[in-house]
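J.: My structure is stored as final_25.pdb, with PDB, C-alpha atoms and all ligand atoms.
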ATOM      1  CA  MET K   1     -92.423 -14.960  36.133
ATOM      2  CA  GLY K   2     -89.141 -16.566  35.239
ATOM      3  CA  TYR K   3     -89.719 -16.571  31.499
ATOM      4  CA  VAL K   4     -87.146 -15.384  29.008
ATOM      5  CA  ILE K   5     -89.784 -13.715  26.838
ATOM      6  CA  GLU K   6     -93.295 -12.904  27.960
ATOM      7  CA  LEU K   7     -96.157 -11.187  26.181
ATOM      8  CA  ASP K   8     -98.966 -10.420  28.574
ATOM      9  CA  GLY K   9    -102.260  -9.175  27.182
ATOM     10  CA  VAL K  10    -100.551  -7.499  24.251
ATOM     11  CA  THR K  11    -102.705  -5.497  21.886
ATOM     12  CA  GLN K  12    -101.240  -3.547  19.007
ATOM     13  CA  THR K  13    -103.210  -0.976  17.089
ATOM     14  CA  PHE K  14    -101.859   0.910  14.100
ATOM     15  CA  VAL K  15    -103.333   3.861  12.293
ATOM     16  CA  SER K  16    -103.573   3.034   8.601
ATOM     17  CA  SER K  17    -102.860   5.597   5.890
ATOM     18  CA  ASP K  18    -106.556   6.515   5.566
ATOM     19  CA  GLY K  19    -106.655   7.271   9.297
ATOM     20  CA  SER K  20    -108.638   4.220  10.355
ATOM     21  CA  PRO K  21    -107.305   2.060  13.183
ATOM     22  CA  VAL K  22    -105.999  -1.431  12.440
ATOM     23  CA  THR K  23    -105.847  -3.929  15.270
ATOM     24  CA  ALA K  24    -102.815  -6.037  14.386
ATOM     25  CA  LEU K  25    -102.704  -8.002  17.635
ATOM     26  CA  ASP K  26    -105.507  -8.562  20.086
ATOM     27  CA  ASN K  27    -104.756  -9.681  23.627
ATOM     28  CA  VAL K  28    -101.806 -11.928  22.845
ATOM     29  CA  ASN K  29    -100.352 -13.992  25.673
ATOM     30  CA  LEU K  30     -97.192 -15.956  25.103
ATOM     31  CA  SER K  31     -94.347 -17.128  27.337
ATOM     32  CA  LEU K  32     -91.063 -18.675  26.327
ATOM     33  CA  ASN K  33     -88.881 -20.717  28.632
ATOM     34  CA  ARG K  34     -85.128 -20.544  28.536
ATOM     35  CA  HIS K  35     -83.641 -22.034  25.372
ATOM     36  CA  GLU K  36     -86.993 -22.909  23.967
ATOM     37  CA  PHE K  37     -87.484 -22.880  20.191
ATOM     38  CA  VAL K  38     -90.923 -21.551  19.346
ATOM     39  CA  ALA K  39     -92.336 -21.216  15.839
ATOM     40  CA  VAL K  40     -95.122 -18.781  14.990
ATOM     41  CA  ILE K  41     -97.339 -19.527  11.996
ATOM     42  CA  GLY K  42    -100.460 -17.888  10.653
ATOM     43  CA  PRO K  43    -101.906 -16.182   7.598
ATOM     44  CA  SER K  44    -100.336 -13.106   6.093
ATOM     45  CA  GLY K  45    -101.177  -9.949   8.032
ATOM     46  CA  CYS K  46    -102.001 -11.702  11.322
ATOM     47  CA  GLY K  47     -99.308  -9.821  13.214
ATOM     48  CA  LYS K  48     -96.359 -12.213  13.173
ATOM     49  CA  SER K  49     -93.791  -9.563  12.281
ATOM     50  CA  THR K  50     -95.428  -7.207  14.776
ATOM     51  CA  ILE K  51     -94.803  -9.749  17.552
ATOM     52  CA  LEU K  52     -91.102  -9.877  16.646
ATOM     53  CA  ARG K  53     -90.808  -6.085  16.474
ATOM     54  CA  LEU K  54     -92.379  -5.831  19.925
ATOM     55  CA  ILE K  55     -89.965  -8.370  21.418
ATOM     56  CA  ALA K  56     -87.052  -6.674  19.638
ATOM     57  CA  GLY K  57     -88.001  -3.381  21.270
ATOM     58  CA  LEU K  58     -88.641  -1.681  17.932
ATOM     59  CA  LEU K  59     -92.280  -1.064  18.825
ATOM     60  CA  ARG K  60     -94.175  -0.366  22.060
ATOM     61  CA  PRO K  61     -97.458  -2.205  22.587
ATOM     62  CA  SER K  62    -100.708  -0.212  22.578
ATOM     63  CA  ALA K  63    -101.772  -2.261  25.606
ATOM     64  CA  GLY K  64    -100.284  -5.030  27.711
ATOM     65  CA  THR K  65     -96.637  -5.701  28.422
ATOM     66  CA  VAL K  66     -93.724  -7.348  26.665
ATOM     67  CA  SER K  67     -90.976  -8.495  29.038
ATOM     68  CA  ILE K  68     -87.570 -10.042  28.653
ATOM     69  CA  TYR K  69     -86.121 -11.680  31.758
ATOM     70  CA  ASP K  70     -89.028 -10.150  33.696
ATOM     71  CA  LEU K  71     -88.169  -6.598  32.652
ATOM     72  CA  PRO K  72     -90.437  -4.580  30.354
ATOM     73  CA  VAL K  73     -88.903  -4.043  26.933
ATOM     74  CA  THR K  74     -88.315  -0.342  26.345
ATOM     75  CA  GLU K  75     -85.648  -0.307  23.645
ATOM     76  CA  PRO K  76     -83.633  -2.666  21.444
ATOM     77  CA  ARG K  77     -81.126  -4.750  23.410
ATOM     78  CA  ASP K  78     -77.705  -6.028  22.421
ATOM     79  CA  GLU K  79     -78.214  -9.621  23.465
ATOM     80  CA  ILE K  80     -80.954 -10.120  20.902
ATOM     81  CA  GLY K  81     -80.172 -11.235  17.366
ATOM     82  CA  VAL K  82     -82.769 -10.330  14.763
ATOM     83  CA  VAL K  83     -83.225 -11.574  11.210
ATOM     84  CA  PHE K  84     -85.834  -9.534   9.366
ATOM     85  CA  GLN K  85     -87.984 -10.691   6.468
ATOM     86  CA  LYS K  86     -85.726  -8.688   4.118
ATOM     87  CA  PRO K  87     -81.934  -8.956   4.476
ATOM     88  CA  THR K  88     -81.382  -5.197   5.218
ATOM     89  CA  LEU K  89     -77.671  -5.262   4.331
ATOM     90  CA  LEU K  90     -75.683  -2.075   3.848
ATOM     91  CA  PRO K  91     -74.983  -1.885   0.089
ATOM     92  CA  TRP K  92     -71.675  -0.003   0.384
ATOM     93  CA  LEU K  93     -70.077  -2.523   2.743
ATOM     94  CA  SER K  94     -68.545  -5.855   1.797
ATOM     95  CA  VAL K  95     -70.247  -9.051   2.879
ATOM     96  CA  LEU K  96     -67.691  -9.528   5.660
ATOM     97  CA  ASP K  97     -68.109  -5.949   6.895
ATOM     98  CA  ASN K  98     -71.868  -6.348   6.885
ATOM     99  CA  ILE K  99     -71.569  -9.365   9.165
ATOM    100  CA  THR K 100     -69.292  -7.528  11.606
ATOM    101  CA  PHE K 101     -71.213  -4.247  11.333
ATOM    102  CA  PRO K 102     -73.137  -4.651  14.629
ATOM    103  CA  MET K 103     -69.772  -4.935  16.451
ATOM    104  CA  LYS K 104     -68.441  -1.869  14.668
ATOM    105  CA  HIS K 105     -71.616   0.002  15.509
ATOM    106  CA  LYS K 106     -71.498  -0.976  19.167
ATOM    107  CA  TYR K 107     -67.775  -0.839  19.976
ATOM    108  CA  GLY K 108     -66.510   1.424  17.199
ATOM    109  CA  ARG K 109     -64.129  -1.270  16.085
ATOM    110  CA  VAL K 110     -63.986  -4.874  14.953
ATOM    111  CA  ASP K 111     -61.315  -7.109  16.412
ATOM    112  CA  ASP K 112     -59.611 -10.055  14.737
ATOM    113  CA  ARG K 113     -61.683 -12.565  16.684
ATOM    114  CA  ASP K 114     -64.896 -11.054  15.266
ATOM    115  CA  LYS K 115     -63.449 -11.217  11.764
ATOM    116  CA  GLU K 116     -62.407 -14.815  12.255
ATOM    117  CA  ARG K 117     -65.839 -15.715  13.565
ATOM    118  CA  ALA K 118     -67.446 -13.886  10.627
ATOM    119  CA  ARG K 119     -65.360 -15.992   8.253
ATOM    120  CA  GLU K 120     -66.427 -19.164  10.050
ATOM    121  CA  LEU K 121     -70.059 -18.125   9.705
ATOM    122  CA  LEU K 122     -69.522 -17.345   6.024
ATOM    123  CA  ALA K 123     -68.164 -20.847   5.512
ATOM    124  CA  MET K 124     -71.106 -22.257   7.428
ATOM    125  CA  ILE K 125     -73.628 -20.521   5.157
ATOM    126  CA  GLY K 126     -71.723 -21.676   2.069
ATOM    127  CA  LEU K 127     -70.366 -18.232   1.101
ATOM    128  CA  ARG K 128     -66.710 -18.588   2.002
ATOM    129  CA  ASP K 129     -65.579 -17.006  -1.264
ATOM    130  CA  PHE K 130     -67.920 -14.040  -1.055
ATOM    131  CA  ALA K 131     -66.362 -12.135   1.859
ATOM    132  CA  ALA K 132     -65.152  -9.236  -0.278
ATOM    133  CA  LYS K 133     -68.235  -8.973  -2.501
ATOM    134  CA  ARG K 134     -70.918  -6.313  -2.163
ATOM    135  CA  PRO K 135     -74.508  -7.348  -1.355
ATOM    136  CA  ASN K 136     -75.774  -6.454  -4.860
ATOM    137  CA  GLU K 137     -73.422  -9.109  -6.287
ATOM    138  CA  LEU K 138     -75.348 -11.778  -4.338
ATOM    139  CA  SER K 139     -78.732 -13.358  -4.998
ATOM    140  CA  GLY K 140     -81.624 -12.628  -2.628
ATOM    141  CA  GLY K 141     -81.176 -15.991  -0.921
ATOM    142  CA  MET K 142     -77.444 -15.404  -0.455
ATOM    143  CA  GLN K 143     -78.105 -11.962   1.020
ATOM    144  CA  GLN K 144     -80.553 -13.496   3.456
ATOM    145  CA  ARG K 145     -77.927 -16.018   4.538
ATOM    146  CA  VAL K 146     -75.533 -13.118   5.186
ATOM    147  CA  ALA K 147     -78.204 -11.480   7.362
ATOM    148  CA  ILE K 148     -78.507 -14.753   9.300
ATOM    149  CA  ALA K 149     -74.726 -14.864   9.802
ATOM    150  CA  ARG K 150     -74.821 -11.244  11.002
ATOM    151  CA  SER K 151     -77.465 -12.109  13.605
ATOM    152  CA  LEU K 152     -75.312 -14.958  14.940
ATOM    153  CA  LEU K 153     -71.980 -13.144  15.159
ATOM    154  CA  HIS K 154     -72.317 -12.064  18.781
ATOM    155  CA  ASP K 155     -73.843 -15.424  19.754
ATOM    156  CA  PRO K 156     -77.068 -13.871  21.036
ATOM    157  CA  ASP K 157     -79.025 -15.372  23.885
ATOM    158  CA  ILE K 158     -82.292 -14.588  22.130
ATOM    159  CA  LEU K 159     -82.791 -14.997  18.405
ATOM    160  CA  LEU K 160     -85.785 -13.535  16.564
ATOM    161  CA  MET K 161     -86.215 -14.717  12.987
ATOM    162  CA  ASP K 162     -88.869 -13.439  10.597
ATOM    163  CA  GLU K 163     -89.390 -15.937   7.767
ATOM    164  CA  PRO K 164     -85.610 -16.064   7.395
ATOM    165  CA  PHE K 165     -85.564 -18.890   4.858
ATOM    166  CA  SER K 166     -88.428 -17.791   2.636
ATOM    167  CA  ALA K 167     -86.103 -16.403  -0.074
ATOM    168  CA  LEU K 168     -84.110 -19.642  -0.240
ATOM    169  CA  ASP K 169     -84.598 -22.525  -2.612
ATOM    170  CA  ALA K 170     -85.933 -25.739  -1.061
ATOM    171  CA  LEU K 171     -82.569 -27.493  -0.779
ATOM    172  CA  THR K 172     -80.739 -24.556   0.781
ATOM    173  CA  ARG K 173     -83.696 -24.121   3.063
ATOM    174  CA  ASP K 174     -83.376 -27.637   4.473
ATOM    175  CA  GLU K 175     -79.625 -27.213   4.787
ATOM    176  CA  MET K 176     -80.019 -23.917   6.656
ATOM    177  CA  SER K 177     -82.660 -25.461   8.922
ATOM    178  CA  PHE K 178     -80.314 -28.233   9.989
ATOM    179  CA  GLU K 179     -77.491 -25.716  10.380
ATOM    180  CA  LEU K 180     -79.685 -23.573  12.616
ATOM    181  CA  LEU K 181     -80.592 -26.631  14.692
ATOM    182  CA  ARG K 182     -76.928 -27.497  15.035
ATOM    183  CA  ILE K 183     -76.050 -23.970  16.209
ATOM    184  CA  TRP K 184     -78.986 -23.951  18.588
ATOM    185  CA  SER K 185     -77.982 -27.288  20.147
ATOM    186  CA  GLU K 186     -74.314 -26.294  20.454
ATOM    187  CA  ARG K 187     -74.991 -22.750  21.707
ATOM    188  CA  PRO K 188     -78.499 -22.909  23.194
ATOM    189  CA  LYS K 189     -80.686 -19.878  22.599
ATOM    190  CA  THR K 190     -84.263 -18.867  23.081
ATOM    191  CA  VAL K 191     -85.676 -18.606  19.562
ATOM    192  CA  VAL K 192     -88.846 -17.131  18.091
ATOM    193  CA  PHE K 193     -89.082 -18.244  14.484
ATOM    194  CA  VAL K 194     -91.821 -16.862  12.235
ATOM    195  CA  THR K 195     -92.657 -18.972   9.206
ATOM    196  CA  HIS K 196     -95.345 -19.698   6.642
ATOM    197  CA  SER K 197     -94.260 -23.294   6.470
ATOM    198  CA  ILE K 198     -95.829 -25.937   8.689
ATOM    199  CA  GLN K 199     -93.022 -28.351   7.810
ATOM    200  CA  GLU K 200     -90.372 -25.846   8.800
ATOM    201  CA  ALA K 201     -92.165 -25.089  12.078
ATOM    202  CA  LEU K 202     -92.381 -28.802  12.868
ATOM    203  CA  LEU K 203     -88.812 -29.595  11.936
ATOM    204  CA  LEU K 204     -87.372 -26.814  14.074
ATOM    205  CA  SER K 205     -89.510 -26.045  17.057
ATOM    206  CA  ASP K 206     -90.517 -27.275  20.483
ATOM    207  CA  ARG K 207     -93.870 -25.517  20.259
ATOM    208  CA  ILE K 208     -95.878 -23.995  17.434
ATOM    209  CA  VAL K 209     -97.994 -20.911  18.018
ATOM    210  CA  VAL K 210    -100.861 -20.856  15.520
ATOM    211  CA  MET K 211    -102.195 -17.341  14.972
ATOM    212  CA  SER K 212    -105.654 -16.518  13.699
ATOM    213  CA  ALA K 213    -106.293 -13.987  10.934
ATOM    214  CA  ARG K 214    -106.769 -10.321  11.763
ATOM    215  CA  PRO K 215    -107.000  -9.227  14.429
ATOM    216  CA  GLY K 216    -104.093 -11.497  15.284
ATOM    217  CA  ARG K 217    -104.757 -13.742  18.230
ATOM    218  CA  VAL K 218    -103.074 -16.857  19.516
ATOM    219  CA  ALA K 219    -105.481 -19.531  18.283
ATOM    220  CA  GLU K 220    -103.595 -22.495  19.595
ATOM    221  CA  ILE K 221    -100.222 -23.593  20.903
ATOM    222  CA  ILE K 222     -99.111 -27.041  19.804
ATOM    223  CA  ASP K 223     -96.358 -29.099  21.427
ATOM    224  CA  VAL K 224     -94.073 -30.795  18.925
ATOM    225  CA  PRO K 225     -93.351 -34.313  20.211
ATOM    226  CA  LEU K 226     -90.615 -35.148  17.674
ATOM    227  CA  ALA K 227     -87.360 -36.398  19.186
ATOM    228  CA  ARG K 228     -84.141 -34.425  18.868
ATOM    229  CA  PRO K 229     -81.692 -34.212  17.270
ATOM    230  CA  ARG K 230     -83.830 -33.805  14.178
ATOM    231  CA  ASN K 231     -82.326 -34.631  10.830
ATOM    232  CA  LEU K 232     -83.195 -35.799   7.333
ATOM    233  CA  GLN K 233     -84.867 -38.884   8.782
ATOM    234  CA  THR K 234     -87.223 -36.663  10.735
ATOM    235  CA  LEU K 235     -88.580 -35.379   7.429
ATOM    236  CA  SER K 236     -89.524 -38.887   6.320
ATOM    237  CA  ASP K 237     -90.923 -39.966   9.688
ATOM    238  CA  PRO K 238     -94.648 -40.848   9.322
ATOM    239  CA  VAL K 239     -95.329 -39.022  12.606
ATOM    240  CA  PHE K 240     -93.909 -35.862  11.033
ATOM    241  CA  HIS K 241     -96.439 -36.101   8.189
ATOM    242  CA  GLU K 242     -99.353 -36.912  10.469
ATOM    243  CA  LEU K 243     -98.537 -33.865  12.581
ATOM    244  CA  ALA K 244     -98.164 -31.678   9.489
ATOM    245  CA  ASN K 245    -101.626 -32.746   8.314
ATOM    246  CA  GLU K 246    -103.187 -32.126  11.712
ATOM    247  CA  ILE K 247    -101.714 -28.664  11.870
ATOM    248  CA  ARG K 248    -102.703 -27.900   8.282
ATOM    249  CA  VAL K 249    -106.325 -28.648   9.138
ATOM    250  CA  LYS K 250    -106.104 -26.369  12.155
ATOM    251  CA  VAL K 251    -104.534 -23.513  10.217
ATOM    252  CA  PHE K 252    -107.049 -23.846   7.362
ATOM    253  CA  SER K 253    -110.051 -24.006   9.638
ATOM    254  CA  ARG K 254    -108.963 -20.621  11.037
ATOM    255  CA  LYS K 255    -109.028 -18.901   7.672
ATOM    256  CA  PRO K 256    -111.778 -16.266   7.487
ATOM    257  CA  GLU K 257    -114.762 -17.258   5.290
TER     258      GLU K 257
HETATM  259  P1  LIG K 301     -97.557 -10.585   9.278
HETATM  260  O1  LIG K 301     -96.105 -10.464   9.576
HETATM  261  O2  LIG K 301     -98.248 -11.664  10.046
HETATM  262  O3  LIG K 301     -97.831 -10.732   7.809
HETATM  263  P2  LIG K 301     -97.642  -7.851  10.269
HETATM  264  O4  LIG K 301     -97.248  -8.010  11.683
HETATM  265  O5  LIG K 301     -96.613  -7.340   9.343
HETATM  266  O6  LIG K 301     -98.282  -9.226   9.729
HETATM  267  O7  LIG K 301     -98.886  -6.867  10.181
HETATM  268  C1  LIG K 301    -100.091  -7.094  10.906
HETATM  269  C2  LIG K 301    -101.124  -6.051  10.482
HETATM  270  O8  LIG K 301    -100.722  -4.762  10.948
HETATM  271  C3  LIG K 301    -101.313  -5.914   8.985
HETATM  272  O9  LIG K 301    -102.666  -5.663   8.754
HETATM  273  C4  LIG K 301    -100.473  -4.727   8.627
HETATM  274  O10 LIG K 301    -100.990  -4.075   7.497
HETATM  275  C5  LIG K 301    -100.598  -3.861   9.866
HETATM  276  N1  LIG K 301     -99.403  -3.034  10.109
HETATM  277  C6  LIG K 301     -98.167  -3.495  10.446
HETATM  278  N2  LIG K 301     -97.317  -2.485  10.650
HETATM  279  C7  LIG K 301     -98.018  -1.334  10.434
HETATM  280  C8  LIG K 301     -97.711   0.052  10.490
HETATM  281  N3  LIG K 301     -96.492   0.475  10.838
HETATM  282  N4  LIG K 301     -98.695   0.934  10.206
HETATM  283  C9  LIG K 301     -99.934   0.507   9.881
HETATM  284  N5  LIG K 301    -100.290  -0.778   9.820
HETATM  285  C10 LIG K 301     -99.370  -1.701  10.089
HETATM  286 MG    MG K 302     -94.452 -10.577   8.394
END
Could I get this structure in the form of structure tokens?
Ligand code: ADP
Ligand code: MG
T.:
Amino acid sequence: MGYVIELDGVTQTFVSSDGSPVTALDNVNLSLNRHEFVAVIGPSGCGKSTILRLIAGLLRPSAGTVSIYDLPVTEPRDEIGVVFQKPTLLPWLSVLDNITFPMKHKYGRVDDRDKERARELLAMIGLRDFAAKRPNELSGGMQQRVAIARSLLHDPDILLMDEPFSALDALTRDEMSFELLRIWSERPKTVVFVTHSIQEALLLSDRIVVMSARPGRVAEIIDVPLARPRNLQTLSDPVFHELANEIRVKVFSRKPE
């Protein structure tokens, strides 16, 4: 009780195209405290995206319960920002209109404050001059940054991010990580951040959930003892590298033979 997000005994079974059942998640328990930043790592297909879809209310669990603020999740909620693995922008709208689209969808209109905030976010993600462009005029990494800006527009209390930086080059990735940390410290949020990268998980999070391969289970939850604020120095801190190695061993030892 009292958690912002809670998965209690969550099992998720899908029916694959040949009719056989696939257990994507098996008895997953996970609780997030208010304003906690939790990273989820694990091999491809272990159910990371499924966890986010369950929390986002886009999927109902086959068994167990998913709760937000102690209430079972039954449908998508406005106070949650989601960044999917793919940018999912609307091709016929400009970049600016894509960022404000959730407001338009919800209220039927976009006010000047939203537009101003969208422009601020565009500047933050380094795309100030791209407001009037269409998504297909942007690279994959730029589109993903627009999707991140869109998720932040209404300053959500809960942010769910599915490998949001994986389409970015290494430099932009570090920049976006620090930007995300800055936003999170200025406007605290409860964050679930799915990633393939141990370094990224370490740099960003308070705790790292290590998932095992299919069926996805929580293998281990690791506290990240690195001080905040984290910055470029964090990346060169010997403790950072020791931790990364420890976690790498754990993740590898979970790989199926
Ligand atoms: P991850 O994000 O960790 O790579 P996913 O959560 O996307 O993994 O998927 C977990 C498992 O569930 C995979 O085996 C995937 O094929 C399966 N799966 C996910 N969604 C569906 C679906 N809608 N129908 C059938 N199988 C699915
Ligand atoms: Mg995924």
J.: Find the residues near region 105-121 of chain K: any atom within 9 Å, counting only C-alpha atoms, skip ones fewer than 5 places away on the same chain, and give them as an MDAnalysis selection string.
T.: chainID K and resid 78 96:97 99:100 126:128 131 146 149:150 152:154
J.: Residues of chain K that approach ligand LIG 301 (chain K) to 8 Å or less, counting only C-alpha atoms and all ligand atoms: could you list each one with the shortest pair of atoms and its distance in Å to one decimal, rows by chain and increasing residue number, as a tab-separated table?
T.:
residue	atom	partner	partner_atom	distance
K:Thr13	CA	K:LIG301	O8	7.6
K:Phe14	CA	K:LIG301	C9	4.7
K:Val15	CA	K:LIG301	C9	5.3
K:Ser16	CA	K:LIG301	C9	4.6
K:Ser17	CA	K:LIG301	C9	7.1
K:Val22	CA	K:LIG301	N5	6.3
K:Thr23	CA	K:LIG301	O8	6.8
K:Ala24	CA	K:LIG301	O8	4.2
K:Leu25	CA	K:LIG301	C1	7.3
K:Gly42	CA	K:LIG301	O2	6.6
K:Pro43	CA	K:LIG301	O2	6.3
K:Ser44	CA	K:LIG301	O3	3.9
K:Gly45	CA	K:LIG301	O6	3.4
K:Cys46	CA	K:LIG301	O2	4.0
K:Gly47	CA	K:LIG301	O4	3.1
K:Lys48	CA	K:LIG301	O2	3.7
K:Ser49	CA	K:LIG301	O1	3.7
K:Thr50	CA	K:LIG301	O4	3.7
K:Ile51	CA	K:LIG301	O4	6.6
K:Asp162	CA	K:LIG301	O1	7.9
K:Arg214	CA	K:LIG301	O9	6.9
K:Pro215	CA	K:LIG301	C2	7.8
K:Gly216	CA	K:LIG301	C1	7.4
J.: Could you tell me which of K:Met124, K:Leu180, K:Leu168, K:Leu7 comes closest to Pro61 (chain K) if we count all atoms listed in the file?
T.: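 Between K:Met124, K:Leu180, K:Leu168, K:Leu7, the residue approaching Pro61 (chain K) most closely is K:Leu7.
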J.: Could you spell out the hits of the PyMOL selection byres (((chain K and resi 243) around 12) and not hetatm) on the shown file, as an MDAnalysis selection string?
T.: chainID K and resid 198:199 201:203 208 222:226 234:235 237:242 244:250
J.: Step by step, work through what the PyMOL selection byres (((chain K and resi 34-39) around 6) and not hetatm) selects in the shown file, and finish by giving those residues as a VMD selection string.
T.: chain K and resid 4 33 40 188 to 194 201 205 to 208
J.: List the spatial neighbours of Leu30 (chain K) as a VMD selection string - criterion: any atom at most 8 Å away, all atoms listed in the file, same-chain residues fewer than 5 positions off excluded.
T.: chain K and resid 5 to 8
J.: How many Å lie between CA of Leu204 (chain K) and CA of Ala219 (chain K), rounded to one decimal?
T.: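 For CA of Leu204 (chain K) relative to CA of Ala219 (chain K), the distance reads 20.0 Å.
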J.: Using all atoms listed in the file, pick whichever of K:Ile148, K:Val83, K:Leu54, K:Val251 has the shortest atom-to-atom distance to Val66 (chain K).
T.: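 That would be K:Leu54, the residue with the smallest distance to Val66 (chain K).
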J.: Determine, counting only C-alpha atoms, which protein, DNA and RNA residues have an atom within 6 Å of an atom of Val28 (chain K); residues of the same chain fewer than 2 positions away are not included. Present the result as a PDB file with C-alpha atoms, in the frame of the given file.
T.:
ATOM      1  CA  GLY K   9    -102.260  -9.175  27.182  1.00  0.00           C
ATOM      2  CA  VAL K  10    -100.551  -7.499  24.251  1.00  0.00           C
ATOM      3  CA  ASP K  26    -105.507  -8.562  20.086  1.00  0.00           C
ATOM      4  CA  ARG K 217    -104.757 -13.742  18.230  1.00  0.00           C
TER       5      ARG K 217
END
J.: Need to verify the contact set: Trp92 (chain K), 12 Å, all atoms listed in the file, exclusion of same-chain residues closer than 2 positions in sequence. Can you return it as a ChimeraX atom specification?
T.: /K:89-90,94-98,101,132-137
J.: CA of Ile158 (chain K) and CA of Gln85 (chain K), how far apart in Å?
T.: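 Separation of CA of Gln85 (chain K) and CA of Ile158 (chain K): 17.1 Å.
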J.: Report, in Å with one decimal, the straight-line distance from CA of Met161 (chain K) to CA of Gly81 (chain K).
T.: 8.2 Å
J.: If I only have part of region 194-200 of chain K, can you fill in all heavy atoms and write it as a PDB file, in the coordinates of the input?
T.:
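Contents of the output file out_14.pdb:
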ATOM      1  N   VAL K 194     -90.583 -17.052  12.992  1.00  0.00           N
ATOM      2  CA  VAL K 194     -91.821 -16.862  12.235  1.00  0.00           C
ATOM      3  C   VAL K 194     -91.689 -17.543  10.881  1.00  0.00           C
ATOM      4  O   VAL K 194     -90.667 -17.398  10.209  1.00  0.00           O
ATOM      5  CB  VAL K 194     -92.103 -15.356  12.034  1.00  0.00           C
ATOM      6  CG1 VAL K 194     -93.221 -15.143  11.020  1.00  0.00           C
ATOM      7  CG2 VAL K 194     -92.443 -14.695  13.366  1.00  0.00           C
ATOM      8  N   THR K 195     -92.708 -18.283  10.500  1.00  0.00           N
ATOM      9  CA  THR K 195     -92.657 -18.972   9.206  1.00  0.00           C
ATOM     10  C   THR K 195     -94.050 -19.151   8.626  1.00  0.00           C
ATOM     11  O   THR K 195     -95.050 -19.114   9.338  1.00  0.00           O
ATOM     12  CB  THR K 195     -91.977 -20.353   9.345  1.00  0.00           C
ATOM     13  OG1 THR K 195     -92.022 -21.023   8.091  1.00  0.00           O
ATOM     14  CG2 THR K 195     -92.650 -21.215  10.389  1.00  0.00           C
ATOM     15  N   HIS K 196     -94.098 -19.330   7.311  1.00  0.00           N
ATOM     16  CA  HIS K 196     -95.345 -19.698   6.642  1.00  0.00           C
ATOM     17  C   HIS K 196     -95.458 -21.202   6.527  1.00  0.00           C
ATOM     18  O   HIS K 196     -96.496 -21.733   6.144  1.00  0.00           O
ATOM     19  CB  HIS K 196     -95.326 -19.145   5.201  1.00  0.00           C
ATOM     20  CG  HIS K 196     -95.967 -17.834   5.075  1.00  0.00           C
ATOM     21  ND1 HIS K 196     -95.287 -16.702   4.711  1.00  0.00           N
ATOM     22  CD2 HIS K 196     -97.241 -17.443   5.292  1.00  0.00           C
ATOM     23  CE1 HIS K 196     -96.123 -15.686   4.700  1.00  0.00           C
ATOM     24  NE2 HIS K 196     -97.304 -16.109   5.044  1.00  0.00           N
ATOM     25  N   SER K 197     -94.342 -21.883   6.798  1.00  0.00           N
ATOM     26  CA  SER K 197     -94.260 -23.294   6.470  1.00  0.00           C
ATOM     27  C   SER K 197     -94.497 -24.182   7.689  1.00  0.00           C
ATOM     28  O   SER K 197     -93.757 -24.135   8.674  1.00  0.00           O
ATOM     29  CB  SER K 197     -92.871 -23.578   5.873  1.00  0.00           C
ATOM     30  OG  SER K 197     -92.581 -24.945   5.949  1.00  0.00           O
ATOM     31  N   ILE K 198     -95.517 -25.002   7.605  1.00  0.00           N
ATOM     32  CA  ILE K 198     -95.829 -25.937   8.689  1.00  0.00           C
ATOM     33  C   ILE K 198     -94.678 -26.935   8.870  1.00  0.00           C
ATOM     34  O   ILE K 198     -94.273 -27.239   9.993  1.00  0.00           O
ATOM     35  CB  ILE K 198     -97.150 -26.678   8.379  1.00  0.00           C
ATOM     36  CG1 ILE K 198     -98.324 -25.683   8.448  1.00  0.00           C
ATOM     37  CG2 ILE K 198     -97.375 -27.835   9.338  1.00  0.00           C
ATOM     38  CD1 ILE K 198     -99.634 -26.231   7.936  1.00  0.00           C
ATOM     39  N   GLN K 199     -94.137 -27.394   7.754  1.00  0.00           N
ATOM     40  CA  GLN K 199     -93.022 -28.351   7.810  1.00  0.00           C
ATOM     41  C   GLN K 199     -91.822 -27.763   8.546  1.00  0.00           C
ATOM     42  O   GLN K 199     -91.192 -28.419   9.370  1.00  0.00           O
ATOM     43  CB  GLN K 199     -92.550 -28.694   6.393  1.00  0.00           C
ATOM     44  CG  GLN K 199     -93.654 -28.969   5.425  1.00  0.00           C
ATOM     45  CD  GLN K 199     -93.858 -30.453   5.196  1.00  0.00           C
ATOM     46  OE1 GLN K 199     -92.992 -31.237   5.546  1.00  0.00           O
ATOM     47  NE2 GLN K 199     -94.984 -30.837   4.645  1.00  0.00           N
ATOM     48  N   GLU K 200     -91.522 -26.510   8.189  1.00  0.00           N
ATOM     49  CA  GLU K 200     -90.372 -25.846   8.800  1.00  0.00           C
ATOM     50  C   GLU K 200     -90.607 -25.673  10.307  1.00  0.00           C
ATOM     51  O   GLU K 200     -89.711 -25.929  11.119  1.00  0.00           O
ATOM     52  CB  GLU K 200     -90.204 -24.482   8.131  1.00  0.00           C
ATOM     53  CG  GLU K 200     -88.866 -23.838   8.310  1.00  0.00           C
ATOM     54  CD  GLU K 200     -88.741 -22.645   7.370  1.00  0.00           C
ATOM     55  OE1 GLU K 200     -89.298 -21.575   7.661  1.00  0.00           O
ATOM     56  OE2 GLU K 200     -88.084 -22.801   6.323  1.00  0.00           O
TER      57      GLU K 200
END
